[in-house]
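Peer 1: Contents of target.cif (mmCIF, C-alpha atoms):
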```
data_start
loop_
_atom_site.label_atom_id
_atom_site.label_comp_id
_atom_site.auth_asym_id
_atom_site.auth_seq_id
_atom_site.Cartn_x
_atom_site.Cartn_y
_atom_site.Cartn_z
CA MET H 19 103.68 86.60 -63.02
CA SER H 20 106.78 85.48 -61.12
CA GLN H 21 108.13 82.02 -61.79
CA ASN H 22 110.41 80.00 -59.54
CA LEU H 23 113.01 78.70 -61.97
CA PHE H 24 114.75 76.63 -59.32
CA ASN H 25 111.87 74.14 -59.30
CA ASP H 26 113.26 72.86 -62.61
CA PHE H 27 116.38 71.54 -60.86
CA ASP H 28 116.57 68.52 -58.61
CA SER H 29 118.01 69.20 -55.16
CA ILE H 30 121.35 67.56 -54.44
CA SER H 31 121.99 66.06 -51.05
CA SER H 32 125.15 66.38 -49.00
CA LYS H 33 125.85 62.69 -49.59
CA GLN H 34 125.68 63.15 -53.38
CA TRP H 35 128.11 66.08 -53.24
CA LYS H 36 130.59 64.02 -51.22
CA GLN H 37 130.31 61.13 -53.65
CA GLN H 38 131.03 63.45 -56.57
CA ILE H 39 133.98 65.02 -54.77
CA GLN H 40 135.36 61.58 -53.89
CA PHE H 41 135.11 60.62 -57.56
CA GLU H 42 136.99 63.77 -58.61
CA LEU H 43 139.72 63.08 -56.05
CA LYS H 44 140.51 59.83 -57.90
CA GLY H 45 141.09 57.78 -54.77
CA ALA H 46 142.63 60.44 -52.53
CA ASP H 47 141.24 60.57 -49.00
CA TYR H 48 138.50 63.20 -48.63
CA ASN H 49 139.32 64.15 -45.03
CA GLU H 50 143.08 64.25 -45.47
CA THR H 51 142.92 66.17 -48.76
CA LEU H 52 140.14 68.72 -48.28
CA VAL H 53 139.37 69.03 -44.57
CA TRP H 54 141.89 71.29 -42.82
CA GLU H 55 142.38 72.17 -39.18
CA THR H 56 143.11 75.60 -37.73
CA PRO H 57 145.48 76.35 -34.81
CA GLU H 58 142.39 76.40 -32.58
CA GLY H 59 141.50 72.84 -33.59
CA ILE H 60 138.55 73.91 -35.76
CA LYS H 61 137.96 71.52 -38.66
CA VAL H 62 137.00 73.37 -41.86
CA LYS H 63 135.16 71.39 -44.52
CA PRO H 64 135.24 72.10 -48.27
CA PHE H 65 131.50 72.72 -48.38
CA TYR H 66 128.54 73.15 -46.04
CA HIS H 67 125.06 71.88 -46.81
CA LYS H 68 121.59 72.35 -45.33
CA ASP H 69 121.38 68.57 -44.70
CA GLU H 70 124.05 68.94 -42.02
CA ALA H 71 123.29 72.47 -40.86
CA GLN H 72 122.30 73.13 -37.29
CA LYS H 73 119.53 75.42 -36.18
CA PRO H 74 120.65 79.09 -36.38
CA PHE H 75 121.61 80.64 -33.07
CA ALA H 76 119.54 83.81 -33.69
CA ILE H 77 122.02 85.85 -31.66
CA GLY H 78 120.42 89.13 -32.67
CA THR H 79 123.17 91.26 -34.19
CA LYS H 80 121.77 94.74 -34.75
CA VAL H 81 124.05 95.72 -37.62
CA SER H 82 121.82 98.68 -38.46
CA HIS H 83 122.75 100.28 -35.13
CA PHE H 84 126.54 100.12 -35.28
CA GLU H 85 128.34 103.38 -34.52
CA ILE H 86 131.40 104.89 -36.20
CA VAL H 87 133.80 105.85 -33.39
CA GLN H 88 136.37 108.64 -33.60
CA ASN H 89 139.41 108.23 -31.34
CA ILE H 90 140.75 111.40 -29.71
CA PHE H 91 143.75 111.56 -27.38
CA VAL H 92 143.21 114.35 -24.85
CA PHE H 93 146.26 116.42 -24.00
CA ASP H 94 145.13 119.95 -24.83
CA VAL H 95 141.43 120.29 -23.95
CA GLU H 96 140.77 123.14 -26.41
CA LYS H 97 142.28 121.21 -29.32
CA SER H 98 140.35 118.08 -28.33
CA ILE H 99 137.09 120.04 -28.31
CA ARG H 100 137.76 121.40 -31.80
CA LYS H 101 138.73 117.98 -33.10
CA ALA H 102 135.67 116.34 -31.57
CA ASN H 103 133.21 118.85 -33.03
CA ASP H 104 134.92 118.67 -36.42
CA SER H 105 134.78 114.86 -36.38
CA ILE H 106 131.06 114.89 -35.61
CA ALA H 107 130.47 117.31 -38.48
CA ARG H 108 132.37 114.95 -40.79
CA GLY H 109 130.57 111.72 -39.99
CA ALA H 110 131.66 110.42 -36.58
CA GLU H 111 128.74 108.89 -34.70
CA SER H 112 130.44 108.51 -31.34
CA LEU H 113 133.61 109.78 -29.66
CA ARG H 114 136.26 107.99 -27.66
CA PHE H 115 138.49 110.26 -25.59
CA THR H 116 141.67 108.71 -24.20
CA ILE H 117 142.62 110.50 -20.99
CA GLU H 118 145.84 109.82 -19.06
CA ASP H 119 145.75 112.78 -16.66
CA LYS H 120 143.03 112.87 -14.00
CA THR H 121 143.45 116.66 -13.69
CA ILE H 122 142.04 117.17 -17.21
CA ASP H 123 139.07 119.56 -17.07
CA ILE H 124 136.43 116.97 -17.92
CA VAL H 125 133.58 119.40 -17.27
CA LYS H 126 134.89 121.82 -19.89
CA LEU H 127 135.60 119.01 -22.36
CA LEU H 128 132.11 117.52 -22.16
CA SER H 129 130.35 120.87 -21.90
CA GLU H 130 131.77 122.28 -25.12
CA VAL H 131 131.60 119.17 -27.30
CA ASN H 132 128.36 119.04 -29.26
CA PHE H 133 127.56 115.38 -28.63
CA ASN H 134 123.78 115.53 -28.28
CA GLU H 135 122.46 111.98 -28.83
CA ILE H 136 126.00 110.78 -29.63
CA PRO H 137 127.50 108.21 -27.23
CA VAL H 138 130.82 109.12 -25.64
CA TYR H 139 133.51 106.73 -24.44
CA LEU H 140 136.10 107.90 -21.92
CA ASN H 141 139.14 105.62 -22.11
CA LEU H 142 140.69 106.30 -18.70
CA LYS H 143 144.29 105.34 -17.92
CA PHE H 144 143.69 105.75 -14.19
CA LEU H 145 141.12 104.74 -11.58
CA SER H 146 139.58 107.68 -9.74
CA THR H 147 136.30 107.64 -7.83
CA GLY H 148 136.04 111.45 -7.86
CA PHE H 149 136.65 111.73 -11.61
CA ILE H 150 134.07 109.09 -12.50
CA GLN H 151 131.50 110.56 -10.10
CA LYS H 152 132.00 113.92 -11.81
CA VAL H 153 131.35 112.26 -15.18
CA ASN H 154 128.24 110.67 -13.70
CA GLN H 155 126.93 114.12 -12.72
CA ILE H 156 127.59 115.47 -16.22
CA ALA H 157 125.77 112.50 -17.78
CA ALA H 158 122.76 113.14 -15.56
CA ALA H 159 122.70 116.87 -16.33
CA LYS H 160 123.02 116.40 -20.10
CA ASN H 161 120.99 113.17 -20.27
CA ALA H 162 123.97 111.76 -22.16
CA VAL H 163 125.15 108.23 -22.90
CA ILE H 164 128.68 107.97 -21.47
CA HIS H 165 130.82 104.85 -21.07
CA CYS H 166 133.81 105.13 -18.74
CA LEU H 167 136.30 102.58 -20.03
CA VAL H 168 138.40 101.69 -17.02
CA ASP H 169 139.63 98.12 -16.60
CA PRO H 170 141.90 97.26 -13.65
CA ILE H 171 142.36 93.65 -14.83
CA HIS H 172 143.63 94.85 -18.21
CA GLN H 173 145.89 97.29 -16.36
CA LEU H 174 147.36 94.43 -14.33
CA ALA H 175 147.70 92.07 -17.31
CA SER H 176 149.34 94.64 -19.61
CA ASP H 177 151.41 96.61 -17.11
CA GLY H 178 152.12 94.06 -14.39
CA ASN H 179 150.72 96.31 -11.64
CA TRP H 180 147.33 97.52 -10.48
CA PHE H 181 146.27 101.15 -10.71
CA GLU H 182 148.24 102.92 -7.94
CA ASN H 183 148.78 99.53 -6.21
CA LYS H 184 145.51 99.84 -4.30
CA ASP H 185 142.55 97.48 -3.93
CA ASN H 186 141.01 98.30 -7.29
CA PHE H 187 137.90 96.18 -6.68
CA GLU H 188 137.06 98.09 -3.50
CA ILE H 189 137.19 101.30 -5.55
CA LEU H 190 134.98 99.76 -8.26
CA ASN H 191 132.41 98.74 -5.65
CA THR H 192 132.39 102.31 -4.32
CA ILE H 193 131.85 103.63 -7.85
CA ALA H 194 129.11 101.06 -8.49
CA SER H 195 127.15 102.18 -5.45
CA SER H 196 127.41 105.89 -6.27
CA THR H 197 126.99 106.13 -10.06
CA LYS H 198 123.73 105.36 -11.84
CA ASN H 199 123.92 107.41 -15.04
CA ILE H 200 126.97 105.94 -16.79
CA SER H 201 128.40 102.58 -17.77
CA PHE H 202 131.82 101.89 -16.25
CA ILE H 203 132.36 98.12 -16.17
CA HIS H 204 134.85 97.54 -18.97
CA VAL H 205 136.52 94.38 -20.27
CA ASN H 206 139.43 95.37 -22.51
CA ALA H 207 140.24 92.12 -24.30
CA THR H 208 142.32 93.67 -27.10
CA LEU H 209 145.49 92.64 -25.29
CA TYR H 210 144.93 88.93 -25.88
CA GLN H 211 144.65 89.21 -29.66
CA ASN H 212 147.44 91.76 -30.01
CA ALA H 213 149.77 89.56 -27.98
CA GLY H 214 149.15 86.51 -30.18
CA ALA H 215 146.42 84.45 -28.48
CA ASN H 216 144.41 82.27 -30.84
CA ILE H 217 140.66 82.86 -31.24
CA VAL H 218 139.54 80.21 -28.73
CA GLN H 219 141.94 81.65 -26.14
CA GLN H 220 140.69 85.17 -26.83
CA LEU H 221 137.10 84.13 -26.22
CA ALA H 222 137.85 82.09 -23.11
CA TYR H 223 140.08 84.76 -21.54
CA THR H 224 137.51 87.47 -22.30
CA LEU H 225 134.78 85.41 -20.65
CA ALA H 226 136.98 84.68 -17.62
CA HIS H 227 137.89 88.39 -17.51
CA ALA H 228 134.20 89.35 -17.34
CA ASN H 229 133.56 86.63 -14.76
CA GLU H 230 136.08 88.22 -12.39
CA TYR H 231 133.95 91.38 -12.36
CA PHE H 232 130.75 89.43 -11.85
CA ASN H 233 132.37 87.73 -8.86
CA ARG H 234 134.01 90.79 -7.30
CA ILE H 235 131.53 93.64 -7.85
CA GLU H 236 128.52 93.37 -5.59
CA SER H 237 125.90 94.72 -7.97
CA ILE H 238 126.24 95.28 -11.72
CA ASN H 239 123.09 97.06 -12.88
CA GLN H 240 124.42 98.23 -16.21
CA SER H 241 125.63 96.96 -19.55
CA ILE H 242 129.22 95.69 -19.55
CA THR H 243 131.39 97.14 -22.32
CA ILE H 244 133.71 94.64 -24.01
CA GLU H 245 136.49 95.94 -26.23
CA ILE H 246 137.93 93.43 -28.64
CA SER H 247 140.48 93.37 -31.46
CA VAL H 248 139.55 91.92 -34.83
CA GLY H 249 142.03 90.00 -36.95
CA THR H 250 142.28 89.31 -40.64
CA ASN H 251 140.65 85.84 -40.77
CA TYR H 252 137.40 87.23 -42.21
CA PHE H 253 134.75 84.57 -41.51
CA PHE H 254 136.39 83.39 -38.31
CA GLU H 255 136.33 86.93 -36.93
CA ILE H 256 132.63 87.28 -37.76
CA ALA H 257 132.03 84.02 -35.92
CA LYS H 258 134.25 85.17 -33.02
CA LEU H 259 132.09 88.18 -32.26
CA ARG H 260 128.92 86.13 -32.54
CA ALA H 261 130.36 83.46 -30.24
CA LEU H 262 131.44 86.15 -27.77
CA ARG H 263 127.92 87.53 -27.48
CA LEU H 264 126.52 84.02 -27.17
CA LEU H 265 128.99 83.08 -24.44
CA PHE H 266 128.58 86.34 -22.55
CA ASN H 267 124.80 86.01 -22.44
CA THR H 268 125.16 82.43 -21.20
CA LEU H 269 127.47 83.62 -18.41
CA ALA H 270 125.34 86.64 -17.55
CA THR H 271 122.27 84.43 -17.11
CA GLU H 272 124.05 82.62 -14.28
CA TYR H 273 124.30 85.94 -12.42
CA ASN H 274 120.75 87.07 -13.30
CA HIS H 275 122.33 89.87 -15.30
CA ASN H 276 119.74 90.96 -17.86
CA PHE H 277 121.86 93.39 -19.91
CA ASP H 278 123.40 92.46 -23.23
CA CYS H 279 127.09 93.31 -23.55
CA HIS H 280 128.16 96.39 -25.50
CA ILE H 281 130.96 95.47 -27.92
CA ILE H 282 133.53 97.93 -29.27
CA ALA H 283 135.71 96.44 -32.00
CA THR H 284 139.06 97.72 -33.24
CA PRO H 285 141.36 96.23 -35.92
CA THR H 286 144.28 94.31 -34.48
CA LYS H 287 147.79 95.72 -34.44
CA ARG H 288 149.39 92.29 -34.74
CA ASN H 289 149.32 92.10 -38.55
CA LYS H 290 149.99 95.77 -39.24
CA THR H 291 153.22 96.73 -40.95
CA LEU H 292 155.67 99.60 -41.08
CA TYR H 293 156.75 98.98 -44.68
CA ASP H 294 154.23 99.19 -47.51
CA TYR H 295 151.98 100.78 -44.91
CA ASN H 296 149.15 101.54 -47.33
CA VAL H 297 148.31 97.83 -47.29
CA ASN H 298 147.21 98.45 -43.69
CA MET H 299 144.13 100.18 -45.14
CA LEU H 300 143.13 96.97 -46.91
CA ARG H 301 143.64 94.96 -43.74
CA THR H 302 141.63 97.35 -41.56
CA THR H 303 138.82 97.47 -44.13
CA THR H 304 138.20 93.71 -44.05
CA GLU H 305 138.62 93.69 -40.27
CA CYS H 306 136.01 96.42 -39.88
CA MET H 307 133.72 94.46 -42.19
CA SER H 308 134.06 91.40 -39.93
CA ALA H 309 133.36 93.54 -36.88
CA ILE H 310 130.20 94.99 -38.37
CA LEU H 311 128.83 91.70 -39.69
CA GLY H 312 129.76 89.99 -36.42
CA GLY H 313 127.57 92.41 -34.50
CA ALA H 314 129.85 94.99 -32.86
CA ASN H 315 127.87 97.87 -31.37
CA ALA H 316 130.64 100.31 -32.21
CA VAL H 317 133.69 100.17 -34.48
CA ALA H 318 136.79 102.30 -33.91
CA ASN H 319 139.05 101.98 -36.91
CA LEU H 320 142.85 102.04 -36.71
CA ALA H 321 144.63 104.63 -38.85
CA TYR H 322 146.89 103.13 -41.52
CA ASP H 323 149.89 105.05 -40.10
CA ALA H 324 149.12 104.56 -36.40
CA LEU H 325 152.30 102.51 -35.88
CA TYR H 326 154.74 105.28 -36.67
CA HIS H 327 152.85 108.61 -36.82
CA LYS H 328 151.27 110.63 -34.06
CA ASP H 329 147.55 111.35 -34.44
CA ASN H 330 147.07 113.41 -37.58
CA GLU H 331 144.14 114.79 -39.56
CA PHE H 332 144.79 112.77 -42.71
CA GLY H 333 145.09 109.40 -40.95
CA ASP H 334 141.97 110.11 -38.88
CA ARG H 335 139.98 111.16 -41.95
CA ILE H 336 140.94 108.08 -43.95
CA SER H 337 140.13 105.68 -41.11
CA ARG H 338 136.77 107.38 -40.51
CA ASN H 339 135.95 107.43 -44.21
CA GLN H 340 136.62 103.69 -44.50
CA LEU H 341 133.74 103.13 -42.08
CA LEU H 342 131.57 105.76 -43.73
CA ILE H 343 132.00 104.02 -47.10
CA LEU H 344 131.03 100.68 -45.57
CA LYS H 345 127.97 102.22 -43.97
CA LYS H 346 126.77 104.79 -46.50
CA GLU H 347 127.95 103.38 -49.83
CA SER H 348 128.21 99.64 -49.20
CA TYR H 349 124.99 99.53 -47.11
CA PHE H 350 126.44 97.42 -44.32
CA ASP H 351 123.85 98.89 -41.96
CA ILE H 352 120.77 97.76 -43.91
CA VAL H 353 120.30 94.10 -42.94
CA ASN H 354 120.25 92.97 -39.31
CA ASN H 355 121.51 89.50 -38.38
CA PRO H 356 123.38 89.10 -41.70
CA ALA H 357 125.22 85.94 -40.61
CA ASP H 358 122.22 84.05 -39.22
CA GLY H 359 121.59 80.85 -41.12
CA THR H 360 124.85 80.86 -43.08
CA TYR H 361 125.98 77.27 -42.71
CA TYR H 362 129.72 77.98 -42.58
CA ILE H 363 129.56 80.86 -40.07
CA GLU H 364 127.01 79.07 -37.89
CA SER H 365 129.32 76.03 -37.78
CA LEU H 366 132.34 78.19 -36.88
CA THR H 367 130.33 80.01 -34.21
CA ALA H 368 129.30 76.73 -32.62
CA GLN H 369 132.79 75.23 -32.67
CA LEU H 370 134.49 78.37 -31.33
CA ALA H 371 131.89 78.77 -28.57
CA GLU H 372 132.15 75.11 -27.53
CA LYS H 373 135.95 75.08 -27.39
CA ALA H 374 136.10 78.45 -25.61
CA LEU H 375 133.58 77.28 -23.03
CA VAL H 376 135.69 74.19 -22.30
CA LEU H 377 138.78 76.37 -21.80
CA PHE H 378 136.82 78.86 -19.67
CA LYS H 379 135.63 76.08 -17.38
CA GLU H 380 139.20 74.82 -17.09
CA ILE H 381 140.37 78.32 -16.08
CA GLU H 382 137.63 78.63 -13.46
CA ALA H 383 138.32 75.15 -12.10
CA ASN H 384 141.91 76.24 -11.51
CA GLY H 385 141.11 79.43 -9.62
CA GLY H 386 140.04 81.90 -12.31
CA LEU H 387 141.79 84.37 -14.59
CA LEU H 388 143.49 86.49 -11.93
CA LYS H 389 145.00 83.46 -10.19
CA GLN H 390 146.30 82.10 -13.49
CA LEU H 391 147.71 85.51 -14.42
CA LYS H 392 149.57 85.67 -11.10
CA GLU H 393 150.93 82.16 -11.69
CA GLY H 394 152.01 83.08 -15.23
CA ILE H 395 149.86 80.39 -16.87
CA ILE H 396 147.90 82.73 -19.15
CA GLN H 397 151.10 84.48 -20.24
CA LYS H 398 152.70 81.12 -21.05
CA LYS H 399 149.74 79.91 -23.12
CA ILE H 400 149.58 83.14 -25.11
CA GLN H 401 153.33 83.05 -25.72
CA GLU H 402 153.08 79.48 -27.02
CA SER H 403 150.34 80.46 -29.44
CA ALA H 404 152.20 83.61 -30.53
CA SER H 405 155.42 81.66 -31.11
CA LYS H 406 153.63 79.18 -33.39
CA GLU H 407 152.18 82.02 -35.44
CA GLN H 408 155.56 83.77 -35.55
CA GLU H 409 157.19 80.59 -36.87
CA LEU H 410 154.62 80.43 -39.68
CA PHE H 411 155.31 84.07 -40.55
CA ASP H 412 159.09 83.63 -40.45
CA ALA H 413 158.77 80.58 -42.71
CA GLY H 414 156.63 82.51 -45.18
CA LYS H 415 153.56 80.34 -44.54
CA GLU H 416 151.63 83.24 -42.97
CA ILE H 417 151.87 86.12 -45.40
CA LEU H 418 151.85 89.88 -44.96
CA LEU H 419 152.05 91.40 -48.41
CA GLY H 420 154.78 94.00 -48.80
CA THR H 421 156.65 92.61 -45.81
CA ASN H 422 157.49 88.91 -46.08
CA LYS H 423 155.96 88.56 -49.57
CA TYR H 424 156.57 90.90 -52.52
CA PRO H 425 158.40 93.59 -50.50
CA ASN H 426 159.36 96.86 -52.15
CA LYS H 427 163.13 96.91 -51.72
CA ASN H 428 163.21 100.66 -52.39
CA ASP H 429 160.83 101.43 -49.54
CA ARG H 430 162.48 103.63 -46.87
CA MET H 431 160.95 104.34 -43.46
CA SER H 432 163.73 105.44 -41.08
CA HIS H 433 163.13 109.12 -41.93
CA ASP H 434 159.41 108.97 -41.17
CA LEU H 435 159.24 107.52 -37.63
CA GLU H 436 157.47 109.88 -35.23
CA LEU H 437 156.73 106.97 -32.88
CA PHE H 438 158.81 103.95 -31.87
CA PRO H 439 156.95 101.06 -33.59
CA PHE H 440 158.45 98.12 -31.68
CA VAL H 441 158.07 96.43 -28.31
CA LYS H 442 159.55 98.52 -25.51
CA ILE H 443 161.14 96.61 -22.64
CA LYS H 444 161.34 98.61 -19.42
CA PRO H 445 162.84 96.58 -16.56
CA ARG H 446 161.01 97.33 -13.31
CA LYS H 447 159.39 95.61 -10.37
CA THR H 448 155.91 94.24 -11.13
CA LEU H 449 153.38 92.07 -9.31
CA ILE H 450 153.06 89.74 -12.29
CA THR H 451 154.77 89.20 -15.62
CA PRO H 452 152.86 91.45 -18.05
CA ILE H 453 151.40 90.21 -21.32
CA ILE H 454 153.31 91.93 -24.11
CA GLU H 455 151.72 93.00 -27.39
CA LYS H 456 153.94 92.26 -30.36
CA ARG H 457 153.46 92.53 -34.11
CA LEU H 458 154.49 89.69 -36.42
CA ALA H 459 156.66 91.89 -38.63
CA GLU H 460 158.76 93.56 -35.92
CA LYS H 461 161.97 91.54 -36.26
CA LEU H 462 161.97 91.77 -40.07
CA GLU H 463 161.29 95.52 -39.94
CA GLN H 464 164.10 96.14 -37.48
CA GLU H 465 166.50 94.32 -39.79
CA ARG H 466 165.38 96.44 -42.74
CA LEU H 467 165.75 99.67 -40.74
CA GLU H 468 169.31 98.67 -39.83
CA THR H 469 170.04 98.04 -43.51
CA GLU H 470 168.79 101.55 -44.34
CA LYS H 471 171.43 103.03 -42.04
CA GLN H 472 174.25 101.29 -43.85
CA PRO H 473 176.06 103.32 -46.55
#
```
Take the structure from the file and write it as structure tokens.
Peer 2:
Amino acid sequence: MSQNLFNDFDSISSKQWKQQIQFELKGADYNETLVWETPEGIKVKPFYHKDEAQKPFAIGTKVSHFEIVQNIFVFDVEKSIRKANDSIARGAESLRFTIEDKTIDIVKLLSEVNFNEIPVYLNLKFLSTGFIQKVNQIAAAKNAVIHCLVDPIHQLASDGNWFENKDNFEILNTIASSTKNISFIHVNATLYQNAGANIVQQLAYTLAHANEYFNRIESINQSITIEISVGTNYFFEIAKLRALRLLFNTLATEYNHNFDCHIIATPTKRNKTLYDYNVNMLRTTTECMSAILGGANAVANLAYDALYHKDNEFGDRISRNQLLILKKESYFDIVNNPADGTYYIESLTAQLAEKALVLFKEIEANGGLLKQLKEGIIQKKIQESASKEQELFDAGKEILLGTNKYPNKNDRMSHDLELFPFVKIKPRKTLITPIIEKRLAEKLEQERLETEKQP
């Protein structure tokens, strides 16, 4: 017969815990000593108790359904087909093709990839009605789940110009009225995190980003895909994804939009490093864990060598296997809603959602995201946040192991750079000042590379 041993212990209230802590502090102030505040203004307590816990949000994170995404850059269609089929055979559960050239034979690509019952994402670097309508026909013929990831607002924010300098929203409305078999409304919010925005800013800008599409597309009868980057602050990132879904559903209700958002999560580039690059695997592992537990529908891992190597079989295999281990060996797909009722994460979710909603309302009251992008306000706010974080890194208060803490002085990287791993500045005429992605370690890495060149 089972016996509940915990009945032998008296329950301890939150007040009793605080009294004991105050005693142990020997007169030091509880709030000043143990309660700390994040850059977002979130107050973190030393403990959380059921006496003070709020009712769980019950957001409904279907962790058991998350998909492992394989990224494939399409240049040679035949090679992409082989890589896609091989990836599926080795554990990939969905495919994301990045396509820059609208003349790519999309019919051949999707006809010869064996993606029965496997969702496909087409990350398009252009806006073409004809191309997307062709994809729509393929989806109907194959009864396939295809998401066309095309985001004119992200294009404007990251590049400074619209796609082909045309009225992109008129094109989106044309696509919306002529495609019924695919999802194509895409909010690519990775830019905000990778450029240095804090978590509250990321959430507010993502919500305002989605609101622009609700306002400018006449009829959205499909799920909106939101792509987001996940940072290294483990519990905060779990709460961020939960808050995002909560906020999106609140916004969608105002437009009578009855579809839940579809979230794709990818590890951030901001904390990734060129030196001691194997540590990137540890960073991406915890970031993928946050994404899964936070309720991402799909997770696309970042290869440990993505900063300086072109796509390669080893990097792809390792990044895919990280997710397979989490899913198949660590059983991250067994329990749905894993964060519901956890006092700490519920508190973070509530605080992040509340602060992001306040900022979102402020953005809307001042004309919306696009207006503030054109005025340079969003860029300025992100730069301020990024500069504060950069100062902490430069001072050694924000640590990246192997880079600004415990570096390997014998590490050499100048011989191994297939890609340029730093910000590229290309002077040209743009409609707005673009938001620039920048990693924390760039300046330090450039100095080390220069040292390598010296005799």
Peer 1: Using CA of Ile310 (chain H) and CA of Phe350 (chain H) as the two end points, give the distance in Å to one decimal.
Peer 2: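 CA of Phe350 (chain H) lies at a distance of 7.4 Å from CA of Ile310 (chain H).
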Peer 1: Determine the residue membership of the PyMOL selection byres ((chain H and resi 443) around 12) for the file above and supply it as a ChimeraX atom specification.
Peer 2: /H:177,440-442,444-446,452-456
Peer 1: CA of Ser98 (chain H) to CA of Asn298 (chain H): how many Å, to one decimal?
Peer 2: 25.9 Å
Peer 1: On this structure, which residues satisfy the PyMOL selection byres ((chain H and resi 404-410) around 9), written as a PyMOL selection string?
Peer 2: chain H and resi 57+213-216+399-403+411-417+456+458-459
Peer 1: Would you please work out which residue, of H:Ile282, H:Met431, H:Ile203, H:Ile396, is nearest to Leu325 (chain H) when using all atoms listed in the file?
Peer 2: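 Answer, going by the shortest atom-to-atom distance: H:Met431.
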Peer 1: Mind rebuilding region 366-382 of chain H with N, CA and C atoms and writing that out as a PDB file, keeping the file's coordinate frame?
Peer 2:
```pdb
ATOM      1  N   LEU H 366     131.175  77.601 -37.563  1.00  0.00           N
ATOM      2  CA  LEU H 366     132.340  78.190 -36.880  1.00  0.00           C
ATOM      3  C   LEU H 366     131.944  78.759 -35.522  1.00  0.00           C
ATOM      4  N   THR H 367     130.805  79.438 -35.473  1.00  0.00           N
ATOM      5  CA  THR H 367     130.330  80.010 -34.210  1.00  0.00           C
ATOM      6  C   THR H 367     130.168  78.932 -33.159  1.00  0.00           C
ATOM      7  N   ALA H 368     129.544  77.827 -33.560  1.00  0.00           N
ATOM      8  CA  ALA H 368     129.300  76.730 -32.620  1.00  0.00           C
ATOM      9  C   ALA H 368     130.607  76.116 -32.131  1.00  0.00           C
ATOM     10  N   GLN H 369     131.531  75.857 -33.054  1.00  0.00           N
ATOM     11  CA  GLN H 369     132.790  75.230 -32.670  1.00  0.00           C
ATOM     12  C   GLN H 369     133.637  76.132 -31.785  1.00  0.00           C
ATOM     13  N   LEU H 370     133.707  77.422 -32.139  1.00  0.00           N
ATOM     14  CA  LEU H 370     134.490  78.370 -31.330  1.00  0.00           C
ATOM     15  C   LEU H 370     133.895  78.508 -29.938  1.00  0.00           C
ATOM     16  N   ALA H 371     132.560  78.616 -29.866  1.00  0.00           N
ATOM     17  CA  ALA H 371     131.890  78.770 -28.570  1.00  0.00           C
ATOM     18  C   ALA H 371     132.104  77.532 -27.696  1.00  0.00           C
ATOM     19  N   GLU H 372     131.990  76.354 -28.300  1.00  0.00           N
ATOM     20  CA  GLU H 372     132.150  75.110 -27.530  1.00  0.00           C
ATOM     21  C   GLU H 372     133.570  74.976 -26.991  1.00  0.00           C
ATOM     22  N   LYS H 373     134.560  75.218 -27.825  1.00  0.00           N
ATOM     23  CA  LYS H 373     135.950  75.080 -27.390  1.00  0.00           C
ATOM     24  C   LYS H 373     136.318  76.154 -26.370  1.00  0.00           C
ATOM     25  N   ALA H 374     135.818  77.373 -26.567  1.00  0.00           N
ATOM     26  CA  ALA H 374     136.100  78.450 -25.610  1.00  0.00           C
ATOM     27  C   ALA H 374     135.456  78.168 -24.269  1.00  0.00           C
ATOM     28  N   LEU H 375     134.266  77.595 -24.289  1.00  0.00           N
ATOM     29  CA  LEU H 375     133.580  77.280 -23.030  1.00  0.00           C
ATOM     30  C   LEU H 375     134.336  76.207 -22.253  1.00  0.00           C
ATOM     31  N   VAL H 376     134.877  75.231 -22.964  1.00  0.00           N
ATOM     32  CA  VAL H 376     135.690  74.190 -22.300  1.00  0.00           C
ATOM     33  C   VAL H 376     136.914  74.824 -21.634  1.00  0.00           C
ATOM     34  N   LEU H 377     137.597  75.714 -22.357  1.00  0.00           N
ATOM     35  CA  LEU H 377     138.780  76.370 -21.800  1.00  0.00           C
ATOM     36  C   LEU H 377     138.407  77.279 -20.640  1.00  0.00           C
ATOM     37  N   PHE H 378     137.300  77.984 -20.761  1.00  0.00           N
ATOM     38  CA  PHE H 378     136.820  78.860 -19.670  1.00  0.00           C
ATOM     39  C   PHE H 378     136.574  78.050 -18.404  1.00  0.00           C
ATOM     40  N   LYS H 379     135.910  76.921 -18.545  1.00  0.00           N
ATOM     41  CA  LYS H 379     135.630  76.080 -17.380  1.00  0.00           C
ATOM     42  C   LYS H 379     136.915  75.563 -16.746  1.00  0.00           C
ATOM     43  N   GLU H 380     137.899  75.276 -17.590  1.00  0.00           N
ATOM     44  CA  GLU H 380     139.200  74.820 -17.090  1.00  0.00           C
ATOM     45  C   GLU H 380     139.872  75.932 -16.285  1.00  0.00           C
ATOM     46  N   ILE H 381     139.788  77.174 -16.791  1.00  0.00           N
ATOM     47  CA  ILE H 381     140.370  78.320 -16.080  1.00  0.00           C
ATOM     48  C   ILE H 381     139.696  78.505 -14.724  1.00  0.00           C
ATOM     49  N   GLU H 382     138.373  78.434 -14.715  1.00  0.00           N
ATOM     50  CA  GLU H 382     137.630  78.630 -13.460  1.00  0.00           C
ATOM     51  C   GLU H 382     137.905  77.502 -12.477  1.00  0.00           C
TER      52      GLU H 382
END
```
